[in-house]
Amino acid sequence: MHKKIENIKNQAKKEIEQCLDLKSLENLKIKYLGRKGEVSSILRSLTSLSVEDKRTIGPKAQSLKNEIDIFIKTKIRNLLDKKRTPIIDITTPGKKIKTGHLHPLTIIGKEIIEIFKNMGFSVCDGGPEIENEYYNFDALNIPKNHPAREMHDTFWVKKSSNPSKGINDNLLLRTHTSPMQIRYMEKHNPPFRIIVPGRVFRYEATDASHEINFNHIECLMVGEDVNFSNFKYIVQEFFNKLFSIRKRSSSKNKKINIRYRPSYFPFVEPGLEIDIQCVKCGGKGCNICAGSGWLEVMGAGMVHPNVLKAVGYNPKKYQGFAFGVGTERIAMLKYNIPDIRMFYDGDLRFINQF
Ligand code: PHE
């Protein structure tokens, strides 16, 4: 009997180990532990044994039942675990990981910065987008009630209803990056040359060439002998380089013509506007250039003596030039983008082209 129990145990263990699925495991369970199974028949046969044999064989038969039960449970767990483990098929093609890319405005901003850095300019980052009236207007020679303020359709920030708690300055969303001229000059002495990229805001109706939120890059160079020729050289160099970096627009082999036009900005004297010949129509006139053949890209001029005085410089000793260029305008020109609003639509069909 001892031998028989041992055999059943070994046989059951072997069969359970070799079993490959739950269905045949169930059959084995019936074969060994079922009512008519092998273990049950041994337990039943105990009654015919002597008291002495019952005492030795009884517990063995019982533990045989327990052991087979454990074998089966362990096997069930193994089979279920195997099912959960994914089968790795190393021949399936890999999934392409999608990487992001830069927005066209970021690309163009970086290119512009790079060009100026190579000409010895430092990049002055930041500056507050919520500016106060002094920096946005007064210090730039645009006093209160000056008609030039009308040119800037301004978003004013609501004043606090409790003046003791709130800010009493007249705050606004900066309408240009020129306030950074003042902020920089207050803290530094000439000579220097800087560019300042930044976000600006204008309260105006949007159309293909106007947005309420756009970007400017301000340029300022001040020193003892800085003159208009220096300025013309830098501007020409800037456009030459910009349009030879990456030629993706129809401007490929065309020469970019620049036009200097007298204009008025209170913080420069003389003041001028710089136009670029429209690269879409080549100057014939189209919807982008509103039929004029030219695109206005920067306001510029020699820094007004009043501005130099406002920051404590001696205008007899120092001169400088400044300009502000619209980043969107440049990108539109370079990539042949017909509508400024496309930069902010978030339409992937547009964005993914860059
Ligand atoms: N700040 C001017 C504008 O917003 C541009 C400008 C910058 C003009 C510097 C002259 C000098 O249009």
# chains A, B, ... in the order shown; residues from 1 in each chain; ligands from 1

call {"tool": "residues_near_ligand", "arguments": {"ligand": "ligand 1", "cutoff": "10 Å", "atoms": "only C-alpha atoms and all ligand atoms", "output": "PyMOL selection string"}}
result
chain A and resi 136+140+151-152+174-179+181+200-202+216-220+263-274+297-304+321-326

call {"tool": "residues_around", "arguments": {"residues": "region 9-23 of chain A", "least_positions_apart": "4", "cutoff": "8 Å", "atoms": "only C-alpha atoms", "output": "PyMOL selection string"}}
result
chain A and resi 5+27-28+32+64+68+71-72+75-76+79

call {"tool": "atom_distance", "arguments": {"atom1": "CA of Val307 (chain A)", "atom2": "CA of Ala148 (chain A)"}}
result
15.3 Å

call {"tool": "select_by_dssp", "arguments": {"residues": "region 108-254 of chain A", "states": "alpha helix (DSSP H)", "output": "PyMOL selection string"}}
result
chain A and resi 108-118+133-136+179-187+228-245

call {"tool": "residues_around", "arguments": {"residues": "Pro315 (chain A)", "least_positions_apart": "4", "cutoff": "9 Å", "atoms": "only C-alpha atoms", "output": "list in words"}}
result
His304, Pro305, Asn306, Val307, Leu308, Lys309 and Gln319 of chain A

call {"tool": "write_last_selection", "arguments": {"atoms": "C-alpha atoms", "output": "PDB file, in the first residue's frame"}}
result
ATOM      1  CA  HIS A 304      15.847 110.626 -30.144  1.00  0.00           C
ATOM      2  CA  PRO A 305      17.978 112.858 -27.853  1.00  0.00           C
ATOM      3  CA  ASN A 306      15.024 113.068 -25.425  1.00  0.00           C
ATOM      4  CA  VAL A 307      15.131 109.304 -24.975  1.00  0.00           C
ATOM      5  CA  LEU A 308      18.858 109.390 -24.287  1.00  0.00           C
ATOM      6  CA  LYS A 309      18.245 112.176 -21.786  1.00  0.00           C
ATOM      7  CA  GLN A 319      24.124 108.414 -30.571  1.00  0.00           C
TER       8      GLN A 319
END

call {"tool": "atom_distance", "arguments": {"atom1": "CA of Met221 (chain A)", "atom2": "CA of Arg149 (chain A)"}}
result
24.6 Å

call {"tool": "select_by_dssp", "arguments": {"residues": "region 289-326 of chain A", "states": "strand (DSSP E or B)", "output": "PyMOL selection string"}}
result
chain A and resi 294-303+319-326

call {"tool": "write_last_selection", "arguments": {"atoms": "all heavy atoms", "output": "compact mmCIF listing (two decimals), in the first residue's frame"}}
result
# COMPACT_ATOMS: atom_id res chain seq x y z
N TRP A 294 4.83 96.23 -51.75
CA TRP A 294 5.82 96.31 -50.68
C TRP A 294 5.20 95.85 -49.36
O TRP A 294 4.02 96.03 -49.12
CB TRP A 294 6.32 97.74 -50.50
CG TRP A 294 7.12 98.22 -51.67
CD1 TRP A 294 6.65 98.88 -52.76
CD2 TRP A 294 8.52 98.05 -51.88
NE1 TRP A 294 7.65 99.14 -53.64
CE2 TRP A 294 8.83 98.65 -53.13
CE3 TRP A 294 9.56 97.46 -51.15
CZ2 TRP A 294 10.12 98.68 -53.65
CZ3 TRP A 294 10.85 97.49 -51.67
CH2 TRP A 294 11.12 98.09 -52.91
N LEU A 295 6.04 95.26 -48.50
CA LEU A 295 5.58 94.85 -47.18
C LEU A 295 6.36 95.63 -46.14
O LEU A 295 7.60 95.63 -46.15
CB LEU A 295 5.85 93.36 -46.96
CG LEU A 295 4.88 92.40 -47.62
CD1 LEU A 295 5.45 91.00 -47.55
CD2 LEU A 295 3.52 92.46 -46.94
N GLU A 296 5.62 96.23 -45.24
CA GLU A 296 6.28 96.99 -44.19
C GLU A 296 6.79 96.01 -43.14
O GLU A 296 6.03 95.20 -42.62
CB GLU A 296 5.20 97.91 -43.60
CG GLU A 296 5.65 98.81 -42.52
CD GLU A 296 4.44 99.45 -41.85
OE1 GLU A 296 3.51 99.86 -42.58
OE2 GLU A 296 4.45 99.51 -40.62
N VAL A 297 8.10 96.03 -42.86
CA VAL A 297 8.63 95.06 -41.90
C VAL A 297 9.23 95.67 -40.65
O VAL A 297 9.30 95.03 -39.60
CB VAL A 297 9.67 94.11 -42.53
CG1 VAL A 297 9.00 93.02 -43.31
CG2 VAL A 297 10.66 94.87 -43.37
N MET A 298 9.69 96.89 -40.72
CA MET A 298 10.23 97.49 -39.49
C MET A 298 10.01 98.99 -39.42
O MET A 298 9.95 99.68 -40.42
CB MET A 298 11.74 97.31 -39.30
CG MET A 298 12.56 96.61 -40.27
SD MET A 298 14.29 96.86 -39.83
CE MET A 298 14.83 95.19 -39.65
N GLY A 299 9.90 99.42 -38.16
CA GLY A 299 9.98 100.84 -37.87
C GLY A 299 11.38 101.06 -37.33
O GLY A 299 11.93 100.20 -36.64
N ALA A 300 11.98 102.21 -37.63
CA ALA A 300 13.37 102.38 -37.24
C ALA A 300 13.73 103.86 -37.16
O ALA A 300 12.92 104.74 -37.45
CB ALA A 300 14.27 101.69 -38.25
N GLY A 301 14.96 104.12 -36.77
CA GLY A 301 15.44 105.50 -36.75
C GLY A 301 16.61 105.68 -35.81
O GLY A 301 17.06 104.72 -35.16
N MET A 302 17.13 106.92 -35.77
CA MET A 302 18.20 107.24 -34.83
C MET A 302 17.55 107.63 -33.50
O MET A 302 16.59 108.41 -33.48
CB MET A 302 19.03 108.42 -35.36
CG MET A 302 19.71 108.17 -36.70
SD MET A 302 20.80 106.72 -36.71
CE MET A 302 22.14 107.26 -35.66
N VAL A 303 18.08 107.08 -32.41
CA VAL A 303 17.47 107.30 -31.09
C VAL A 303 17.33 108.81 -30.80
O VAL A 303 18.30 109.57 -30.96
CB VAL A 303 18.31 106.62 -29.98
CG1 VAL A 303 17.65 106.81 -28.61
CG2 VAL A 303 18.48 105.14 -30.28
N GLN A 319 25.23 108.55 -29.62
CA GLN A 319 24.12 108.41 -30.57
C GLN A 319 23.82 106.93 -30.72
O GLN A 319 24.62 106.08 -30.32
CB GLN A 319 24.48 108.94 -31.97
CG GLN A 319 25.00 110.35 -32.04
CD GLN A 319 26.50 110.40 -31.74
OE1 GLN A 319 27.25 109.57 -32.24
NE2 GLN A 319 26.90 111.35 -30.92
N GLY A 320 22.68 106.68 -31.32
CA GLY A 320 22.35 105.26 -31.54
C GLY A 320 21.24 105.10 -32.55
O GLY A 320 20.61 106.07 -32.96
N PHE A 321 21.04 103.87 -32.97
CA PHE A 321 19.89 103.59 -33.81
C PHE A 321 19.07 102.47 -33.19
O PHE A 321 19.57 101.72 -32.33
CB PHE A 321 20.28 103.25 -35.25
CG PHE A 321 21.07 101.96 -35.40
CD1 PHE A 321 20.43 100.73 -35.35
CD2 PHE A 321 22.44 102.00 -35.61
CE1 PHE A 321 21.14 99.56 -35.50
CE2 PHE A 321 23.16 100.82 -35.77
CZ PHE A 321 22.50 99.60 -35.70
N ALA A 322 17.81 102.42 -33.59
CA ALA A 322 16.92 101.39 -33.06
C ALA A 322 15.97 100.97 -34.17
O ALA A 322 15.67 101.75 -35.07
CB ALA A 322 16.13 101.93 -31.88
N PHE A 323 15.57 99.73 -34.10
CA PHE A 323 14.45 99.33 -34.94
C PHE A 323 13.65 98.22 -34.29
O PHE A 323 14.12 97.56 -33.37
CB PHE A 323 14.87 98.96 -36.37
CG PHE A 323 15.80 97.77 -36.50
CD1 PHE A 323 15.32 96.47 -36.40
CD2 PHE A 323 17.15 97.97 -36.78
CE1 PHE A 323 16.17 95.40 -36.57
CE2 PHE A 323 18.00 96.89 -36.95
CZ PHE A 323 17.52 95.60 -36.84
N GLY A 324 12.41 98.09 -34.73
CA GLY A 324 11.55 97.03 -34.23
C GLY A 324 11.03 96.27 -35.44
O GLY A 324 10.48 96.86 -36.36
N VAL A 325 11.26 94.96 -35.43
CA VAL A 325 10.85 94.16 -36.58
C VAL A 325 9.76 93.17 -36.16
O VAL A 325 9.83 92.60 -35.07
CB VAL A 325 12.08 93.47 -37.22
CG1 VAL A 325 12.77 92.54 -36.25
CG2 VAL A 325 11.71 92.71 -38.47
N GLY A 326 8.76 93.02 -37.00
CA GLY A 326 7.67 92.08 -36.70
C GLY A 326 8.07 90.66 -37.10
O GLY A 326 8.32 90.40 -38.28

call {"tool": "residues_around", "arguments": {"residues": "region 338-354 of chain A", "least_positions_apart": "3", "cutoff": "10 Å", "atoms": "only C-alpha atoms", "output": "list in words"}}
result
Gly100, His101, Leu102, His103, Pro104, Leu105, Ile107, Thr206, Asp207, Ala208, Ser209, His210, Glu211, Ile212, Asn213, Phe214, Arg248, Lys280, Asn287, Ile288, Cys289, Glu328, Arg329, Ala331, Met332, Leu333 and Tyr335 of chain A

call {"tool": "write_last_selection", "arguments": {"atoms": "C-alpha atoms", "output": "short mmCIF file (atom, residue, chain, number, x, y, z; two decimals), in the first residue's frame"}}
result
data_model
loop_
_atom_site.label_atom_id
_atom_site.label_comp_id
_atom_site.auth_asym_id
_atom_site.auth_seq_id
_atom_site.Cartn_x
_atom_site.Cartn_y
_atom_site.Cartn_z
CA GLY A 100 7.55 67.39 -31.67
CA HIS A 101 9.09 70.17 -33.69
CA LEU A 102 9.50 73.89 -33.44
CA HIS A 103 6.78 76.34 -34.35
CA PRO A 104 7.62 78.45 -37.42
CA LEU A 105 7.75 81.57 -35.23
CA ILE A 107 12.35 78.85 -35.95
CA THR A 206 -7.74 91.18 -36.98
CA ASP A 207 -7.30 90.43 -40.65
CA ALA A 208 -4.76 88.67 -42.89
CA SER A 209 -1.99 90.99 -41.73
CA HIS A 210 -3.12 92.10 -38.24
CA GLU A 211 -3.28 90.17 -34.99
CA ILE A 212 -3.94 91.42 -31.47
CA ASN A 213 -0.99 89.42 -30.16
CA PHE A 214 2.25 89.16 -32.10
CA ARG A 248 11.72 77.38 -48.53
CA LYS A 280 4.66 86.66 -53.37
CA ASN A 287 -3.54 90.41 -51.32
CA ILE A 288 -0.53 90.12 -48.99
CA CYS A 289 0.94 93.51 -49.82
CA GLU A 328 5.36 87.22 -38.00
CA ARG A 329 5.84 89.54 -40.93
CA ALA A 331 8.08 84.55 -41.28
CA MET A 332 5.21 85.28 -43.67
CA LEU A 333 7.63 86.73 -46.12
CA TYR A 335 7.68 81.02 -45.94
#

call {"tool": "residues_around", "arguments": {"residues": "Glu186 (chain A)", "least_positions_apart": "3", "cutoff": "9 Å", "atoms": "only C-alpha atoms", "output": "count of residues only"}}
result
7

call {"tool": "residues_around", "arguments": {"residues": "Gln236 (chain A)", "least_positions_apart": "4", "cutoff": "8 Å", "atoms": "only C-alpha atoms", "output": "list in words"}}
result
Lys232, Asn240 and Ile258 of chain A

call {"tool": "atom_distance", "arguments": {"atom1": "CA of Asp275 (chain A)", "atom2": "CA of Arg259 (chain A)"}}
result
5.0 Å

call {"tool": "closest_residue", "arguments": {"among": "A:Lys98, A:Phe228, A:Asn118, A:Phe243", "to": "Tyr260 (chain A)", "atoms": "only C-alpha atoms"}}
result
A:Phe228
